[in-house]
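> PDB, C-alpha atoms, file query_4.pdb:
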MODEL        1
ATOM      1  CA  LEU A   1      98.883 -87.172  20.730  1.00  0.00           C
ATOM      2  CA  ARG A   2      98.506 -90.911  20.459  1.00  0.00           C
ATOM      3  CA  LYS A   3      97.376 -92.838  23.510  1.00  0.00           C
ATOM      4  CA  LEU A   4     100.216 -93.153  26.039  1.00  0.00           C
ATOM      5  CA  LYS A   5     100.583 -96.418  27.915  1.00  0.00           C
ATOM      6  CA  GLY A   6     100.278 -96.053  31.660  1.00  0.00           C
ATOM      7  CA  PHE A   7      98.611 -92.640  31.541  1.00  0.00           C
ATOM      8  CA  GLY A   8      94.964 -93.611  31.184  1.00  0.00           C
ATOM      9  CA  PRO A   9      92.576 -93.669  28.199  1.00  0.00           C
ATOM     10  CA  ALA A  10      93.026 -91.069  25.496  1.00  0.00           C
ATOM     11  CA  ASP A  11      89.582 -89.572  26.112  1.00  0.00           C
ATOM     12  CA  GLU A  12      90.569 -88.765  29.705  1.00  0.00           C
ATOM     13  CA  MET A  13      93.830 -87.206  28.577  1.00  0.00           C
ATOM     14  CA  LEU A  14      91.937 -84.982  26.159  1.00  0.00           C
ATOM     15  CA  ALA A  15      89.391 -83.789  28.725  1.00  0.00           C
ATOM     16  CA  THR A  16      91.310 -80.666  29.697  1.00  0.00           C
ATOM     17  CA  PRO A  17      90.874 -77.477  27.638  1.00  0.00           C
ATOM     18  CA  ALA A  18      94.630 -77.239  27.158  1.00  0.00           C
ATOM     19  CA  MET A  19      94.818 -80.682  25.587  1.00  0.00           C
ATOM     20  CA  GLN A  20      91.787 -79.992  23.387  1.00  0.00           C
ATOM     21  CA  THR A  21      93.378 -76.765  22.182  1.00  0.00           C
ATOM     22  CA  ALA A  22      96.644 -78.556  21.465  1.00  0.00           C
ATOM     23  CA  ARG A  23      94.797 -81.276  19.568  1.00  0.00           C
ATOM     24  CA  GLU A  24      92.906 -78.793  17.410  1.00  0.00           C
ATOM     25  CA  LYS A  25      96.161 -77.036  16.590  1.00  0.00           C
ATOM     26  CA  ALA A  26      97.848 -80.325  15.723  1.00  0.00           C
ATOM     27  CA  PHE A  27      95.061 -81.296  13.346  1.00  0.00           C
ATOM     28  CA  ALA A  28      94.374 -77.896  11.767  1.00  0.00           C
ATOM     29  CA  VAL A  29      93.872 -77.551   8.016  1.00  0.00           C
ATOM     30  CA  GLY A  30      97.281 -77.353   6.393  1.00  0.00           C
ATOM     31  CA  GLY A  31      98.864 -79.709   8.893  1.00  0.00           C
ATOM     32  CA  TYR A  32      99.906 -83.317   8.389  1.00  0.00           C
ATOM     33  CA  VAL A  33      99.052 -86.682   9.922  1.00  0.00           C
ATOM     34  CA  SER A  34     100.820 -90.006   9.563  1.00  0.00           C
ATOM     35  CA  ILE A  35      98.896 -93.111   8.564  1.00  0.00           C
ATOM     36  CA  GLY A  36      99.828 -96.048   6.358  1.00  0.00           C
ATOM     37  CA  ARG A  37     103.055 -97.100   4.693  1.00  0.00           C
ATOM     38  CA  TYR A  38     104.119 -97.420   1.063  1.00  0.00           C
ATOM     39  CA  TYR A  39     107.119 -98.435  -0.993  1.00  0.00           C
ATOM     40  CA  GLU A  40     110.420 -96.607  -0.959  1.00  0.00           C
ATOM     41  CA  TYR A  41     112.508 -97.282  -4.035  1.00  0.00           C
ATOM     42  CA  SER A  42     115.951 -96.737  -2.530  1.00  0.00           C
ATOM     43  CA  THR A  43     115.544 -99.279   0.294  1.00  0.00           C
ATOM     44  CA  LEU A  44     113.101-101.676  -1.407  1.00  0.00           C
ATOM     45  CA  SER A  45     111.024-101.482   1.752  1.00  0.00           C
ATOM     46  CA  THR A  46     108.135 -99.343   2.993  1.00  0.00           C
ATOM     47  CA  ARG A  47     108.059 -96.001   4.790  1.00  0.00           C
ATOM     48  CA  PRO A  48     105.371 -94.133   6.812  1.00  0.00           C
ATOM     49  CA  LEU A  49     103.075 -91.886   4.776  1.00  0.00           C
ATOM     50  CA  SER A  50     102.390 -88.263   5.684  1.00  0.00           C
ATOM     51  CA  TRP A  51      98.996 -86.905   4.564  1.00  0.00           C
ATOM     52  CA  LYS A  52      98.011 -83.251   4.282  1.00  0.00           C
ATOM     53  CA  ILE A  53      94.802 -82.132   6.012  1.00  0.00           C
ATOM     54  CA  ILE A  54      92.816 -80.104   3.456  1.00  0.00           C
ATOM     55  CA  ALA A  55      89.433 -79.932   5.239  1.00  0.00           C
ATOM     56  CA  ARG A  56      87.930 -80.522   8.675  1.00  0.00           C
ATOM     57  CA  ASP A  57      84.374 -81.373   9.704  1.00  0.00           C
ATOM     58  CA  GLY A  58      84.338 -81.783  13.468  1.00  0.00           C
ATOM     59  CA  ASP A  59      86.368 -84.890  14.261  1.00  0.00           C
ATOM     60  CA  ARG A  60      86.587 -85.804  10.582  1.00  0.00           C
ATOM     61  CA  ALA A  61      89.409 -84.755   8.260  1.00  0.00           C
ATOM     62  CA  LEU A  62      89.874 -84.885   4.506  1.00  0.00           C
ATOM     63  CA  LEU A  63      93.413 -85.958   3.650  1.00  0.00           C
ATOM     64  CA  VAL A  64      95.380 -85.967   0.408  1.00  0.00           C
ATOM     65  CA  ASN A  65      98.842 -87.287  -0.347  1.00  0.00           C
ATOM     66  CA  TYR A  66     101.696 -86.658  -2.748  1.00  0.00           C
ATOM     67  CA  ILE A  67     101.869 -88.514  -6.046  1.00  0.00           C
ATOM     68  CA  LEU A  68     102.329 -92.020  -4.679  1.00  0.00           C
ATOM     69  CA  GLU A  69     101.801 -93.997  -7.848  1.00  0.00           C
ATOM     70  CA  VAL A  70     101.632 -93.770 -11.617  1.00  0.00           C
ATOM     71  CA  GLN A  71      98.587 -95.487 -13.096  1.00  0.00           C
ATOM     72  CA  PRO A  72      96.117 -95.048 -15.973  1.00  0.00           C
ATOM     73  CA  PHE A  73      92.538 -94.043 -15.227  1.00  0.00           C
ATOM     74  CA  ASN A  74      91.451 -97.159 -17.081  1.00  0.00           C
ATOM     75  CA  GLU A  75      93.464-100.073 -18.420  1.00  0.00           C
ATOM     76  CA  THR A  76      91.887 -99.919 -21.892  1.00  0.00           C
ATOM     77  CA  ASP A  77      90.777 -97.115 -24.209  1.00  0.00           C
ATOM     78  CA  GLN A  78      87.016 -97.021 -23.815  1.00  0.00           C
ATOM     79  CA  GLN A  79      84.272 -94.719 -22.625  1.00  0.00           C
ATOM     80  CA  VAL A  80      84.252 -94.985 -18.855  1.00  0.00           C
ATOM     81  CA  THR A  81      83.141 -93.108 -15.732  1.00  0.00           C
ATOM     82  CA  TRP A  82      84.703 -93.059 -12.274  1.00  0.00           C
ATOM     83  CA  ALA A  83      82.263 -95.801 -11.235  1.00  0.00           C
ATOM     84  CA  ASP A  84      83.572 -98.276 -13.784  1.00  0.00           C
ATOM     85  CA  CYS A  85      87.233 -97.365 -14.240  1.00  0.00           C
ATOM     86  CA  SER A  86      89.966 -99.834 -13.333  1.00  0.00           C
ATOM     87  CA  LEU A  87      91.755 -97.170 -11.245  1.00  0.00           C
ATOM     88  CA  ARG A  88      88.875 -96.972  -8.776  1.00  0.00           C
ATOM     89  CA  GLN A  89      88.863-100.734  -8.348  1.00  0.00           C
ATOM     90  CA  TRP A  90      92.629-100.843  -7.886  1.00  0.00           C
ATOM     91  CA  MET A  91      92.710 -97.938  -5.393  1.00  0.00           C
ATOM     92  CA  ASN A  92      90.011 -99.421  -3.172  1.00  0.00           C
ATOM     93  CA  ASN A  93      91.248-102.990  -3.225  1.00  0.00           C
ATOM     94  CA  GLU A  94      94.924-103.809  -3.853  1.00  0.00           C
ATOM     95  CA  PHE A  95      96.243-100.300  -3.097  1.00  0.00           C
ATOM     96  CA  PHE A  96      94.067 -99.802   0.002  1.00  0.00           C
ATOM     97  CA  HIS A  97      95.061-103.118   1.570  1.00  0.00           C
ATOM     98  CA  THR A  98      98.736-102.622   0.717  1.00  0.00           C
ATOM     99  CA  ILE A  99      98.969 -99.213   2.396  1.00  0.00           C
ATOM    100  CA  PHE A 100      96.901 -99.657   5.551  1.00  0.00           C
ATOM    101  CA  THR A 101      96.755-102.139   8.413  1.00  0.00           C
ATOM    102  CA  ALA A 102      93.393-103.406   9.647  1.00  0.00           C
ATOM    103  CA  GLU A 103      93.593-100.959  12.575  1.00  0.00           C
ATOM    104  CA  GLU A 104      94.259 -98.053  10.217  1.00  0.00           C
ATOM    105  CA  GLN A 105      91.440 -99.102   7.917  1.00  0.00           C
ATOM    106  CA  SER A 106      89.025 -98.828  10.838  1.00  0.00           C
ATOM    107  CA  VAL A 107      89.409 -95.010  10.990  1.00  0.00           C
ATOM    108  CA  ILE A 108      89.059 -94.485   7.225  1.00  0.00           C
ATOM    109  CA  GLU A 109      85.510 -93.615   6.250  1.00  0.00           C
ATOM    110  CA  THR A 110      83.515 -94.970   3.351  1.00  0.00           C
ATOM    111  CA  THR A 111      82.674 -91.858   1.332  1.00  0.00           C
ATOM    112  CA  GLN A 112      79.798 -91.336  -1.095  1.00  0.00           C
ATOM    113  CA  ILE A 113      81.282 -90.070  -4.338  1.00  0.00           C
ATOM    114  CA  SER A 114      78.991 -88.458  -6.898  1.00  0.00           C
ATOM    115  CA  ILE A 115      79.476 -89.699 -10.438  1.00  0.00           C
ATOM    116  CA  GLY A 116      78.001 -86.423 -11.680  1.00  0.00           C
ATOM    117  CA  ASP A 117      76.360 -87.848 -14.787  1.00  0.00           C
ATOM    118  CA  GLY A 118      72.923 -86.476 -13.900  1.00  0.00           C
ATOM    119  CA  SER A 119      71.602 -89.804 -12.613  1.00  0.00           C
ATOM    120  CA  GLY A 120      72.265 -89.075  -8.952  1.00  0.00           C
ATOM    121  CA  SER A 121      74.365 -92.226  -8.774  1.00  0.00           C
ATOM    122  CA  THR A 122      77.183 -92.472  -6.264  1.00  0.00           C
ATOM    123  CA  THR A 123      80.000 -94.851  -5.469  1.00  0.00           C
ATOM    124  CA  GLN A 124      81.116 -95.948  -2.011  1.00  0.00           C
ATOM    125  CA  ASP A 125      84.868 -95.521  -1.722  1.00  0.00           C
ATOM    126  CA  HIS A 126      87.613 -95.430   0.888  1.00  0.00           C
ATOM    127  CA  LEU A 127      90.096 -93.826  -1.511  1.00  0.00           C
ATOM    128  CA  PHE A 128      89.219 -91.518  -4.379  1.00  0.00           C
ATOM    129  CA  LEU A 129      90.508 -88.804  -6.684  1.00  0.00           C
ATOM    130  CA  LEU A 130      89.562 -85.196  -6.046  1.00  0.00           C
ATOM    131  CA  SER A 131      87.275 -83.576  -8.618  1.00  0.00           C
ATOM    132  CA  TYR A 132      88.163 -80.260 -10.235  1.00  0.00           C
ATOM    133  CA  SER A 133      85.660 -78.385  -8.056  1.00  0.00           C
ATOM    134  CA  GLU A 134      87.323 -79.903  -4.988  1.00  0.00           C
ATOM    135  CA  VAL A 135      90.761 -78.912  -6.303  1.00  0.00           C
ATOM    136  CA  CYS A 136      89.483 -75.333  -6.690  1.00  0.00           C
ATOM    137  CA  GLN A 137      87.986 -75.402  -3.196  1.00  0.00           C
ATOM    138  CA  PHE A 138      90.931 -76.877  -1.325  1.00  0.00           C
ATOM    139  CA  PHE A 139      93.814 -75.694  -3.546  1.00  0.00           C
ATOM    140  CA  PRO A 140      92.723 -72.183  -4.633  1.00  0.00           C
ATOM    141  CA  GLU A 141      96.134 -71.156  -5.941  1.00  0.00           C
ATOM    142  CA  ALA A 142      96.757 -71.577  -9.662  1.00  0.00           C
ATOM    143  CA  TYR A 143     100.023 -71.064 -11.463  1.00  0.00           C
ATOM    144  CA  ALA A 144      99.929 -69.838 -15.053  1.00  0.00           C
ATOM    145  CA  SER A 145     103.298 -70.232 -16.711  1.00  0.00           C
ATOM    146  CA  THR A 146     104.836 -71.704 -19.837  1.00  0.00           C
ATOM    147  CA  SER A 147     108.141 -72.279 -18.070  1.00  0.00           C
ATOM    148  CA  LYS A 148     109.581 -75.771 -18.347  1.00  0.00           C
ATOM    149  CA  SER A 149     111.203 -75.487 -14.935  1.00  0.00           C
ATOM    150  CA  PHE A 150     109.428 -76.779 -11.869  1.00  0.00           C
ATOM    151  CA  PRO A 151     107.633 -74.082  -9.829  1.00  0.00           C
ATOM    152  CA  ASP A 152     107.872 -74.392  -6.070  1.00  0.00           C
ATOM    153  CA  PRO A 153     105.119 -76.783  -4.859  1.00  0.00           C
ATOM    154  CA  GLU A 154     105.208 -75.213  -1.408  1.00  0.00           C
ATOM    155  CA  LYS A 155     104.031 -71.915  -2.931  1.00  0.00           C
ATOM    156  CA  HIS A 156     101.583 -73.348  -5.458  1.00  0.00           C
ATOM    157  CA  ALA A 157      99.434 -75.993  -3.815  1.00  0.00           C
ATOM    158  CA  ARG A 158      98.128 -77.566  -7.028  1.00  0.00           C
ATOM    159  CA  ILE A 159     101.630 -78.537  -8.079  1.00  0.00           C
ATOM    160  CA  ALA A 160     102.285 -82.033  -6.877  1.00  0.00           C
ATOM    161  CA  VAL A 161     105.383 -83.587  -5.380  1.00  0.00           C
ATOM    162  CA  MET A 162     106.262 -87.128  -6.412  1.00  0.00           C
ATOM    163  CA  THR A 163     107.621 -89.688  -4.017  1.00  0.00           C
ATOM    164  CA  ASP A 164     110.942 -91.272  -4.896  1.00  0.00           C
ATOM    165  CA  TYR A 165     109.135 -94.502  -5.715  1.00  0.00           C
ATOM    166  CA  ALA A 166     106.742 -92.821  -8.164  1.00  0.00           C
ATOM    167  CA  ARG A 167     109.549 -90.771  -9.724  1.00  0.00           C
ATOM    168  CA  LYS A 168     111.523 -93.900 -10.508  1.00  0.00           C
ATOM    169  CA  ARG A 169     108.513 -95.272 -12.303  1.00  0.00           C
ATOM    170  CA  TYR A 170     107.993 -92.122 -14.355  1.00  0.00           C
ATOM    171  CA  ASP A 171     110.918 -89.996 -15.551  1.00  0.00           C
ATOM    172  CA  ASN A 172     111.375 -86.752 -13.615  1.00  0.00           C
ATOM    173  CA  THR A 173     110.158 -84.428 -16.362  1.00  0.00           C
ATOM    174  CA  PRO A 174     107.395 -81.789 -16.383  1.00  0.00           C
ATOM    175  CA  LEU A 175     105.004 -84.587 -17.408  1.00  0.00           C
ATOM    176  CA  SER A 176     105.851 -86.474 -14.230  1.00  0.00           C
ATOM    177  CA  ARG A 177     104.047 -83.869 -12.126  1.00  0.00           C
ATOM    178  CA  GLN A 178     100.733 -84.388 -13.860  1.00  0.00           C
ATOM    179  CA  TRP A 179      98.072 -85.826 -11.573  1.00  0.00           C
ATOM    180  CA  LEU A 180      94.654 -87.150 -12.449  1.00  0.00           C
ATOM    181  CA  ILE A 181      91.438 -85.672 -11.093  1.00  0.00           C
ATOM    182  CA  ARG A 182      88.044 -87.333 -11.003  1.00  0.00           C
ATOM    183  CA  PRO A 183      85.935 -86.756 -14.118  1.00  0.00           C
ATOM    184  CA  VAL A 184      82.368 -85.607 -13.531  1.00  0.00           C
ATOM    185  CA  GLY A 185      79.811 -86.279 -16.257  1.00  0.00           C
ATOM    186  CA  GLU A 186      79.095 -88.729 -19.032  1.00  0.00           C
ATOM    187  CA  ALA A 187      81.431 -91.607 -19.795  1.00  0.00           C
ATOM    188  CA  GLY A 188      84.368 -90.542 -21.946  1.00  0.00           C
ATOM    189  CA  THR A 189      87.653 -91.652 -23.459  1.00  0.00           C
ATOM    190  CA  THR A 190      89.658 -88.827 -21.831  1.00  0.00           C
ATOM    191  CA  VAL A 191      90.139 -87.712 -18.244  1.00  0.00           C
ATOM    192  CA  PRO A 192      91.007 -84.292 -16.738  1.00  0.00           C
ATOM    193  CA  TYR A 193      94.272 -83.695 -14.946  1.00  0.00           C
ATOM    194  CA  ILE A 194      96.378 -80.986 -13.321  1.00  0.00           C
ATOM    195  CA  ASP A 195      99.548 -80.301 -15.267  1.00  0.00           C
ATOM    196  CA  HIS A 196     103.049 -79.539 -13.937  1.00  0.00           C
ATOM    197  CA  ASN A 197     102.199 -75.818 -13.705  1.00  0.00           C
ATOM    198  CA  GLY A 198      99.074 -76.436 -11.622  1.00  0.00           C
ATOM    199  CA  SER A 199      96.627 -75.764 -14.478  1.00  0.00           C
ATOM    200  CA  LEU A 200      93.599 -77.819 -15.477  1.00  0.00           C
ATOM    201  CA  GLN A 201      93.866 -79.858 -18.662  1.00  0.00           C
ATOM    202  CA  GLN A 202      91.059 -81.961 -20.116  1.00  0.00           C
ATOM    203  CA  ASP A 203      92.372 -84.392 -22.678  1.00  0.00           C
ATOM    204  CA  LYS A 204      94.444 -87.131 -21.046  1.00  0.00           C
ATOM    205  CA  PRO A 205      93.568 -90.496 -22.691  1.00  0.00           C
ATOM    206  CA  VAL A 206      92.036 -92.786 -20.082  1.00  0.00           C
ATOM    207  CA  SER A 207      94.708 -95.452 -20.664  1.00  0.00           C
ATOM    208  CA  SER A 208      97.668 -93.048 -20.380  1.00  0.00           C
ATOM    209  CA  PRO A 209      99.560 -93.371 -17.066  1.00  0.00           C
ATOM    210  CA  SER A 210      99.676 -90.281 -14.834  1.00  0.00           C
ATOM    211  CA  GLY A 211     100.324 -89.392 -11.226  1.00  0.00           C
ATOM    212  CA  ILE A 212      97.851 -90.559  -8.588  1.00  0.00           C
ATOM    213  CA  ARG A 213      97.182 -88.469  -5.458  1.00  0.00           C
ATOM    214  CA  PRO A 214      94.799 -90.485  -3.273  1.00  0.00           C
ATOM    215  CA  ALA A 215      92.335 -88.660  -1.037  1.00  0.00           C
ATOM    216  CA  MET A 216      90.237 -89.967   1.861  1.00  0.00           C
ATOM    217  CA  TRP A 217      88.132 -88.940   4.857  1.00  0.00           C
ATOM    218  CA  VAL A 218      89.262 -90.199   8.264  1.00  0.00           C
ATOM    219  CA  VAL A 219      87.904 -90.010  11.794  1.00  0.00           C
ATOM    220  CA  LEU A 220      90.461 -88.389  14.093  1.00  0.00           C
ATOM    221  CA  ASP A 221      90.008 -91.043  16.761  1.00  0.00           C
ATOM    222  CA  PRO A 222      92.029 -89.954  19.843  1.00  0.00           C
ATOM    223  CA  ASN A 223      92.877 -93.609  20.507  1.00  0.00           C
ATOM    224  CA  PHE A 224      94.659 -93.726  17.166  1.00  0.00           C
ATOM    225  CA  PHE A 225      95.876 -90.264  16.140  1.00  0.00           C
TER
ENDMDL
END
Could you quickly redo this structure as structure tokens?


Amino acid sequence: LRKLKGFGPADEMLATPAMQTAREKAFAVGGYVSIGRYYEYSTLSTRPLSWKIIARDGDRALLVNYILEVQPFNETDQQVTWADCSLRQWMNNEFFHTIFTAEEQSVIETTQISIGDGSGSTTQDHLFLLSYSEVCQFFPEAYASTSKSFPDPEKHARIAVMTDYARKRYDNTPLSRQWLIRPVGEAGTTVPYIDHNGSLQQDKPVSSPSGIRPAMWVVLDPNFF
């Protein structure tokens, strides 16, 4: 549904009810959109990224990706909140500018993220981690099992898939499917995460590397998507 050269502006193309219906179907919750590129280990180059739509608000969509990277929440063991952690700085600077072109950055919103420490403070971020309440809202399925085998991520939405690049950086074991979620509350030395069975765990040291699933809000600009 991107703009087609020689067929007029995208807003004119989308004026018909049929095209609007097709667009809504294409960008329904549970679908995927392509934006950005990131490393592929096997070719030592980059590949397009596919993001899952987990929420819609009019022409806005909340997207989340697979485990694209393996990083600690903070580079050193210290009490830290989302506002001050090194992961937030890395995601919204080096990572953000590596993944997206300037054109792509223009459709990514700056989102107010609540720190949740009772102060009412927020951060302004392009990329962020989902909180546990957001995981519960957008990924309602949980998987309770002590099995060491990998459950099917297509059937249990909280179970993450790693990209080949991330897998090469972190051995393909049950631990490799752990992904960090955003802590809400006072500064601490541990961070919550979702384990390989899709269950919440609370005690990951802030400096221990784990899977990173970036999330972001985008505007579904018809001249771009």

> Show me, as JSON, numbers by chain, the residues that have an atom within 9 Å of A:Tyr38 when counting only C-alpha atoms, minus same-chain residues fewer than 2 positions from it.

{"A": [36, 40, 45, 46, 47, 48, 49, 68, 98, 99, 100, 165]}

> Pick out the closest residue to A:Val219 from this set: A:Arg182, A:Arg60, A:Arg88, A:Arg37. Count only C-alpha atoms.

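Looking at the shortest contact to A:Val219, the residue is A:Arg60.
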
> For A:Ala55, work out the shell of residues within 10 Å, counting only C-alpha atoms and skipping chain neighbours fewer than 2 positions away, then give it as a list of chain:residue names.

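Surrounding residues, per the criterion: A:Phe27, A:Ala28, A:Val29, A:Gly30, A:Lys52, A:Ile53, A:Asp57, A:Gly58, A:Arg60, A:Ala61, A:Leu62, A:Leu63, A:Val64, A:Gln137, A:Phe138, A:Trp217.
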
> Using all atoms listed in the file, determine which residues lie at most 7 Å from A:Phe139, disregarding the query and same-chain residues fewer than 3 positions distant; provide the list as a list in words.

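Counting all atoms listed in the file, the residues come to Val135, Cys136, Ala157 and Arg158 of chain A.
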
> Can you spit out the residues from that selection as a CSV table (one decimal), in the frame of the given file, using C-alpha atoms?


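As written to disk, again06.csv reads:
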chain,number,residue,atom,x,y,z
A,135,VAL,CA,90.8,-78.9,-6.3
A,136,CYS,CA,89.5,-75.3,-6.7
A,157,ALA,CA,99.4,-76.0,-3.8
A,158,ARG,CA,98.1,-77.6,-7.0

> Using only C-alpha atoms, pick whichever of A:Ile113, A:Ile108, A:Ala160, A:Met19 has the shortest atom-to-atom distance to A:Ile35.

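Ranking A:Ile113, A:Ile108, A:Ala160, A:Met19 by distance to A:Ile35, first place goes to A:Ile108.
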
> Check the smallest atom-to-atom distance from each of A:Met91, A:Ile159, A:Val184, A:Ala215 to A:Pro72 using all atoms listed in the file, then report the winner.

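Closest candidate: A:Met91.
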
> Please provide as a list in words all residues within 10 Å of A:Pro209, with the sequence filter that same-chain residues fewer than 6 positions apart are discarded (counting only C-alpha atoms).

Glu69, Val70, Gln71, Pro72, Phe73, Asn74, Glu75, Tyr170, Ser176, Gln178, Trp179 and Leu180 of chain A

> Could you jot down the atom CA of A:Tyr66 to atom CA of A:Glu134 separation for me, Å, one decimal place?

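Distance reported for this atom pair: 16.0 Å.
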
> Quote the spacing between atom CA of A:Val218 and atom CA of A:Arg56 in Å to one decimal place.

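Going from atom CA of A:Val218 over to atom CA of A:Arg56, I get 9.8 Å.
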